[in-house]
Amino acid sequence: MLRPLIVGILIAISSLAAQADEPPYPRDMPLLTLVDPHGRVLASFTLTSLEALPSREVTGSIPDTSDPEARWSGVSINVLLRSQSIAAPGRMLAVGLDDYSDIIPRSDLENYDPVVAYRRNGHYLAVDRYGPLVVMYPYSDYPELHERTYYSRTVWQLSELQLQ
Ligand SMILES: Nc1nc2c(c(=O)[nH]1)N[C@H]1C(S)=C(S)[C@@H](COP(=O)(O)O)O[C@H]1N2
Ligand SMILES: [Mo]
């Protein structure tokens, strides 16, 4: 007699759990575009397409903020390029939703394998919490990253990577 009730409760609980893991933006919303040196769109990624790629986790924090060190998971920029059969360019301009930008040279991809992160400590990032996407370097693995140069390349609210 209790079984339908228990099943009902389990369904309710699992849908709540699923909701808790829902991103604060649509999964099929374009989050990131790759553009070529002439501004032509080479590829566009949504959360769904990013999550379909192998993930990489790094530990670090948003520099110069009170944001404590955290686990960031997302997709390696190397993997992102490879998924589109794009050779790593000499440099790329990482652009944020606020139009902030900085250059990420190919040597960073080779030396540090930075990620385009969509989760911080397991949680999706809201736009007002540096999200939806953040370029994150593996700060805890490479102490030399704790330098202005890399802080400025830690572009939050990432929206575009321009290959140059
Ligand atoms: N989208 C975006 N990313 C950004 C910035 C920014 O203004 N916008 N500032 C950069 C700089 S210079 C630093 S030191 C860190 C921390 O920036 P904040 O101190 O302005 O929060 O984020 C970097 N990423
Ligand atoms: Mo900075």
# chains A, B, ... in the order shown; residues from 1 in each chain; ligands from 1
call {"tool": "residues_near_ligand", "arguments": {"ligand": "ligand 1", "cutoff": "6 Å", "atoms": "only C-alpha atoms and all ligand atoms", "output": "mmCIF file with N, CA and C atoms, in the first residue's frame"}}
result
data_model
loop_
_atom_site.group_PDB
_atom_site.id
_atom_site.type_symbol
_atom_site.label_atom_id
_atom_site.label_comp_id
_atom_site.auth_asym_id
_atom_site.auth_seq_id
_atom_site.Cartn_x
_atom_site.Cartn_y
_atom_site.Cartn_z
ATOM 1 N N ILE A 62 39.569 33.412 -8.394
ATOM 2 C CA ILE A 62 39.550 34.633 -9.181
ATOM 3 C C ILE A 62 40.526 35.590 -8.504
ATOM 4 N N PRO A 63 41.577 36.002 -9.228
ATOM 5 C CA PRO A 63 42.613 36.820 -8.587
ATOM 6 C C PRO A 63 42.070 38.142 -8.051
ATOM 7 N N ASP A 64 42.744 38.649 -7.022
ATOM 8 C CA ASP A 64 42.439 39.979 -6.499
ATOM 9 C C ASP A 64 41.004 40.128 -6.017
ATOM 10 N N THR A 65 40.377 39.020 -5.649
ATOM 11 C CA THR A 65 39.029 39.108 -5.081
ATOM 12 C C THR A 65 39.060 38.326 -3.774
ATOM 13 N N GLY A 96 35.389 39.026 -22.457
ATOM 14 C CA GLY A 96 34.315 38.830 -21.479
ATOM 15 C C GLY A 96 33.049 39.567 -21.880
ATOM 16 N N ASP A 98 31.658 41.813 -20.369
ATOM 17 C CA ASP A 98 31.811 43.236 -20.053
ATOM 18 C C ASP A 98 32.811 43.910 -21.002
ATOM 19 N N TYR A 100 35.802 43.280 -21.385
ATOM 20 C CA TYR A 100 37.187 43.138 -20.934
ATOM 21 C C TYR A 100 37.834 42.073 -21.819
ATOM 22 N N TYR A 151 46.891 36.682 -13.798
ATOM 23 C CA TYR A 151 45.658 37.193 -13.188
ATOM 24 C C TYR A 151 44.801 37.837 -14.278
ATOM 25 N N SER A 152 45.453 38.658 -15.117
ATOM 26 C CA SER A 152 44.672 39.378 -16.137
ATOM 27 C C SER A 152 44.136 38.438 -17.212
ATOM 28 N N THR A 154 42.936 35.534 -16.500
ATOM 29 C CA THR A 154 41.846 34.785 -15.864
ATOM 30 C C THR A 154 40.555 35.550 -16.140
ATOM 31 N N VAL A 155 40.080 35.445 -17.362
ATOM 32 C CA VAL A 155 38.930 36.248 -17.803
ATOM 33 C C VAL A 155 37.642 35.578 -17.346
ATOM 34 N N TRP A 156 36.904 36.277 -16.507
ATOM 35 C CA TRP A 156 35.598 35.742 -16.111
ATOM 36 C C TRP A 156 34.526 36.258 -17.071
ATOM 37 N N GLN A 157 33.324 35.708 -16.974
ATOM 38 C CA GLN A 157 32.239 36.022 -17.925
ATOM 39 C C GLN A 157 32.740 35.900 -19.362
#
call {"tool": "residues_around", "arguments": {"residues": "A:Arg106", "least_positions_apart": "5", "cutoff": "12 Å", "atoms": "only C-alpha atoms", "output": "list in words"}}
result
Ile77, Asn78, Leu81, Ala87, Ala88, Pro89, Gly90, Arg91, Met92, Leu93, Asn111, Tyr112, Asp113, Pro114, Leu163 and Gln164 of chain A
call {"tool": "residues_around", "arguments": {"residues": "stretch 121-124 of chain A", "least_positions_apart": "4", "cutoff": "6 Å", "atoms": "only C-alpha atoms", "output": "JSON, numbers by chain"}}
result
{"A": [23, 70, 71]}
call {"tool": "closest_residue", "arguments": {"among": "A:Leu133, A:Asp102, A:Ser83, A:Glu160", "to": "ligand 2", "atoms": "only C-alpha atoms and all ligand atoms"}}
result
A:Asp102
call {"tool": "residues_around", "arguments": {"residues": "A:Pro30", "least_positions_apart": "3", "cutoff": "7 Å", "atoms": "only C-alpha atoms", "output": "number ranges by chain"}}
result
A: 44-46
call {"tool": "select_by_dssp", "arguments": {"residues": "stretch 6-161 of chain A", "states": "strand (DSSP E)", "output": "number ranges by chain"}}
result
A: 32-35, 41-45, 56-60, 70-76, 91-96, 101-105, 115-120, 123-124, 134-136, 158-161
call {"tool": "write_last_selection", "arguments": {"atoms": "C-alpha atoms", "output": "mmCIF file, in the first residue's frame"}}
result
data_model
loop_
_atom_site.group_PDB
_atom_site.id
_atom_site.type_symbol
_atom_site.label_atom_id
_atom_site.label_comp_id
_atom_site.auth_asym_id
_atom_site.auth_seq_id
_atom_site.Cartn_x
_atom_site.Cartn_y
_atom_site.Cartn_z
ATOM 1 C CA LEU A 32 30.990 30.903 -26.145
ATOM 2 C CA THR A 33 31.984 31.563 -29.751
ATOM 3 C CA LEU A 34 35.304 30.876 -31.419
ATOM 4 C CA VAL A 35 36.029 33.423 -34.133
ATOM 5 C CA VAL A 41 32.394 32.500 -36.361
ATOM 6 C CA LEU A 42 34.162 29.139 -36.378
ATOM 7 C CA ALA A 43 32.174 27.453 -33.632
ATOM 8 C CA SER A 44 29.648 28.175 -30.938
ATOM 9 C CA PHE A 45 29.228 26.314 -27.646
ATOM 10 C CA ARG A 56 39.240 18.911 -16.778
ATOM 11 C CA GLU A 57 39.409 20.201 -13.231
ATOM 12 C CA VAL A 58 41.860 22.767 -11.874
ATOM 13 C CA THR A 59 42.208 24.516 -8.525
ATOM 14 C CA GLY A 60 42.471 28.254 -8.299
ATOM 15 C CA ALA A 70 38.012 26.469 -5.442
ATOM 16 C CA ARG A 71 37.780 23.489 -7.784
ATOM 17 C CA TRP A 72 36.868 24.676 -11.252
ATOM 18 C CA SER A 73 35.699 22.195 -13.865
ATOM 19 C CA GLY A 74 35.184 22.711 -17.524
ATOM 20 C CA VAL A 75 36.908 22.028 -20.825
ATOM 21 C CA SER A 76 40.599 22.464 -21.568
ATOM 22 C CA ARG A 91 47.639 33.734 -29.544
ATOM 23 C CA MET A 92 43.989 34.219 -28.778
ATOM 24 C CA LEU A 93 42.044 37.144 -27.414
ATOM 25 C CA ALA A 94 39.731 36.064 -24.574
ATOM 26 C CA VAL A 95 36.775 38.455 -24.377
ATOM 27 C CA GLY A 96 34.315 38.830 -21.479
ATOM 28 C CA SER A 101 39.785 41.147 -22.868
ATOM 29 C CA ASP A 102 43.309 39.837 -22.673
ATOM 30 C CA ILE A 103 45.679 37.855 -24.883
ATOM 31 C CA ILE A 104 46.326 34.192 -24.104
ATOM 32 C CA PRO A 105 49.466 33.012 -25.925
ATOM 33 C CA VAL A 115 40.263 25.505 -18.874
ATOM 34 C CA VAL A 116 37.021 27.201 -19.812
ATOM 35 C CA ALA A 117 35.252 26.449 -16.527
ATOM 36 C CA TYR A 118 31.485 26.127 -16.128
ATOM 37 C CA ARG A 119 31.404 24.815 -12.546
ATOM 38 C CA ARG A 120 32.966 26.135 -9.355
ATOM 39 C CA HIS A 123 28.012 24.445 -9.029
ATOM 40 C CA TYR A 124 27.161 26.196 -12.249
ATOM 41 C CA VAL A 134 35.599 31.560 -16.610
ATOM 42 C CA VAL A 135 39.081 31.024 -18.049
ATOM 43 C CA MET A 136 40.859 29.338 -15.144
ATOM 44 C CA LEU A 158 34.095 34.658 -20.961
ATOM 45 C CA SER A 159 32.013 34.984 -24.143
ATOM 46 C CA GLU A 160 34.450 34.828 -27.045
ATOM 47 C CA LEU A 161 37.841 33.458 -28.039
#
call {"tool": "select_by_dssp", "arguments": {"residues": "stretch 33-100 of chain A", "states": "alpha helix (DSSP H)", "output": "VMD selection string"}}
result
chain A and resid 47 to 51 77 to 83
call {"tool": "write_last_selection", "arguments": {"atoms": "N, CA and C atoms", "output": "compact mmCIF listing (two decimals), in the first residue's frame"}}
result
# COMPACT_ATOMS: atom_id res chain seq x y z
N LEU A 47 26.12 25.09 -22.96
CA LEU A 47 26.50 24.23 -21.84
C LEU A 47 26.42 22.77 -22.27
N THR A 48 25.37 22.42 -23.00
CA THR A 48 25.21 21.03 -23.46
C THR A 48 26.40 20.59 -24.28
N SER A 49 26.85 21.42 -25.24
CA SER A 49 27.95 20.99 -26.09
C SER A 49 29.28 20.99 -25.32
N LEU A 50 29.43 21.92 -24.36
CA LEU A 50 30.66 21.92 -23.55
C LEU A 50 30.70 20.67 -22.68
N GLU A 51 29.56 20.30 -22.11
CA GLU A 51 29.53 19.14 -21.22
C GLU A 51 29.69 17.82 -21.98
N ILE A 77 41.11 24.40 -22.98
CA ILE A 77 41.05 25.15 -24.25
C ILE A 77 41.66 24.32 -25.37
N ASN A 78 42.71 23.55 -25.04
CA ASN A 78 43.29 22.65 -26.05
C ASN A 78 42.25 21.67 -26.59
N VAL A 79 41.46 21.10 -25.70
CA VAL A 79 40.44 20.12 -26.10
C VAL A 79 39.34 20.81 -26.93
N LEU A 80 39.01 22.03 -26.50
CA LEU A 80 37.98 22.81 -27.21
C LEU A 80 38.40 23.02 -28.67
N LEU A 81 39.66 23.43 -28.87
CA LEU A 81 40.16 23.67 -30.23
C LEU A 81 40.20 22.36 -31.01
N ARG A 82 40.71 21.31 -30.37
CA ARG A 82 40.84 20.01 -31.03
C ARG A 82 39.46 19.49 -31.44
N SER A 83 38.44 19.76 -30.63
CA SER A 83 37.09 19.26 -30.94
C SER A 83 36.58 19.85 -32.25
call {"tool": "atom_distance", "arguments": {"atom1": "atom CA of A:Ser61", "atom2": "atom CA of A:Arg27"}}
result
24.6 Å
call {"tool": "closest_residue", "arguments": {"among": "A:Pro26, A:Tyr150, A:Gln84, A:Tyr130", "to": "ligand 2", "atoms": "only C-alpha atoms and all ligand atoms"}}
result
A:Tyr150
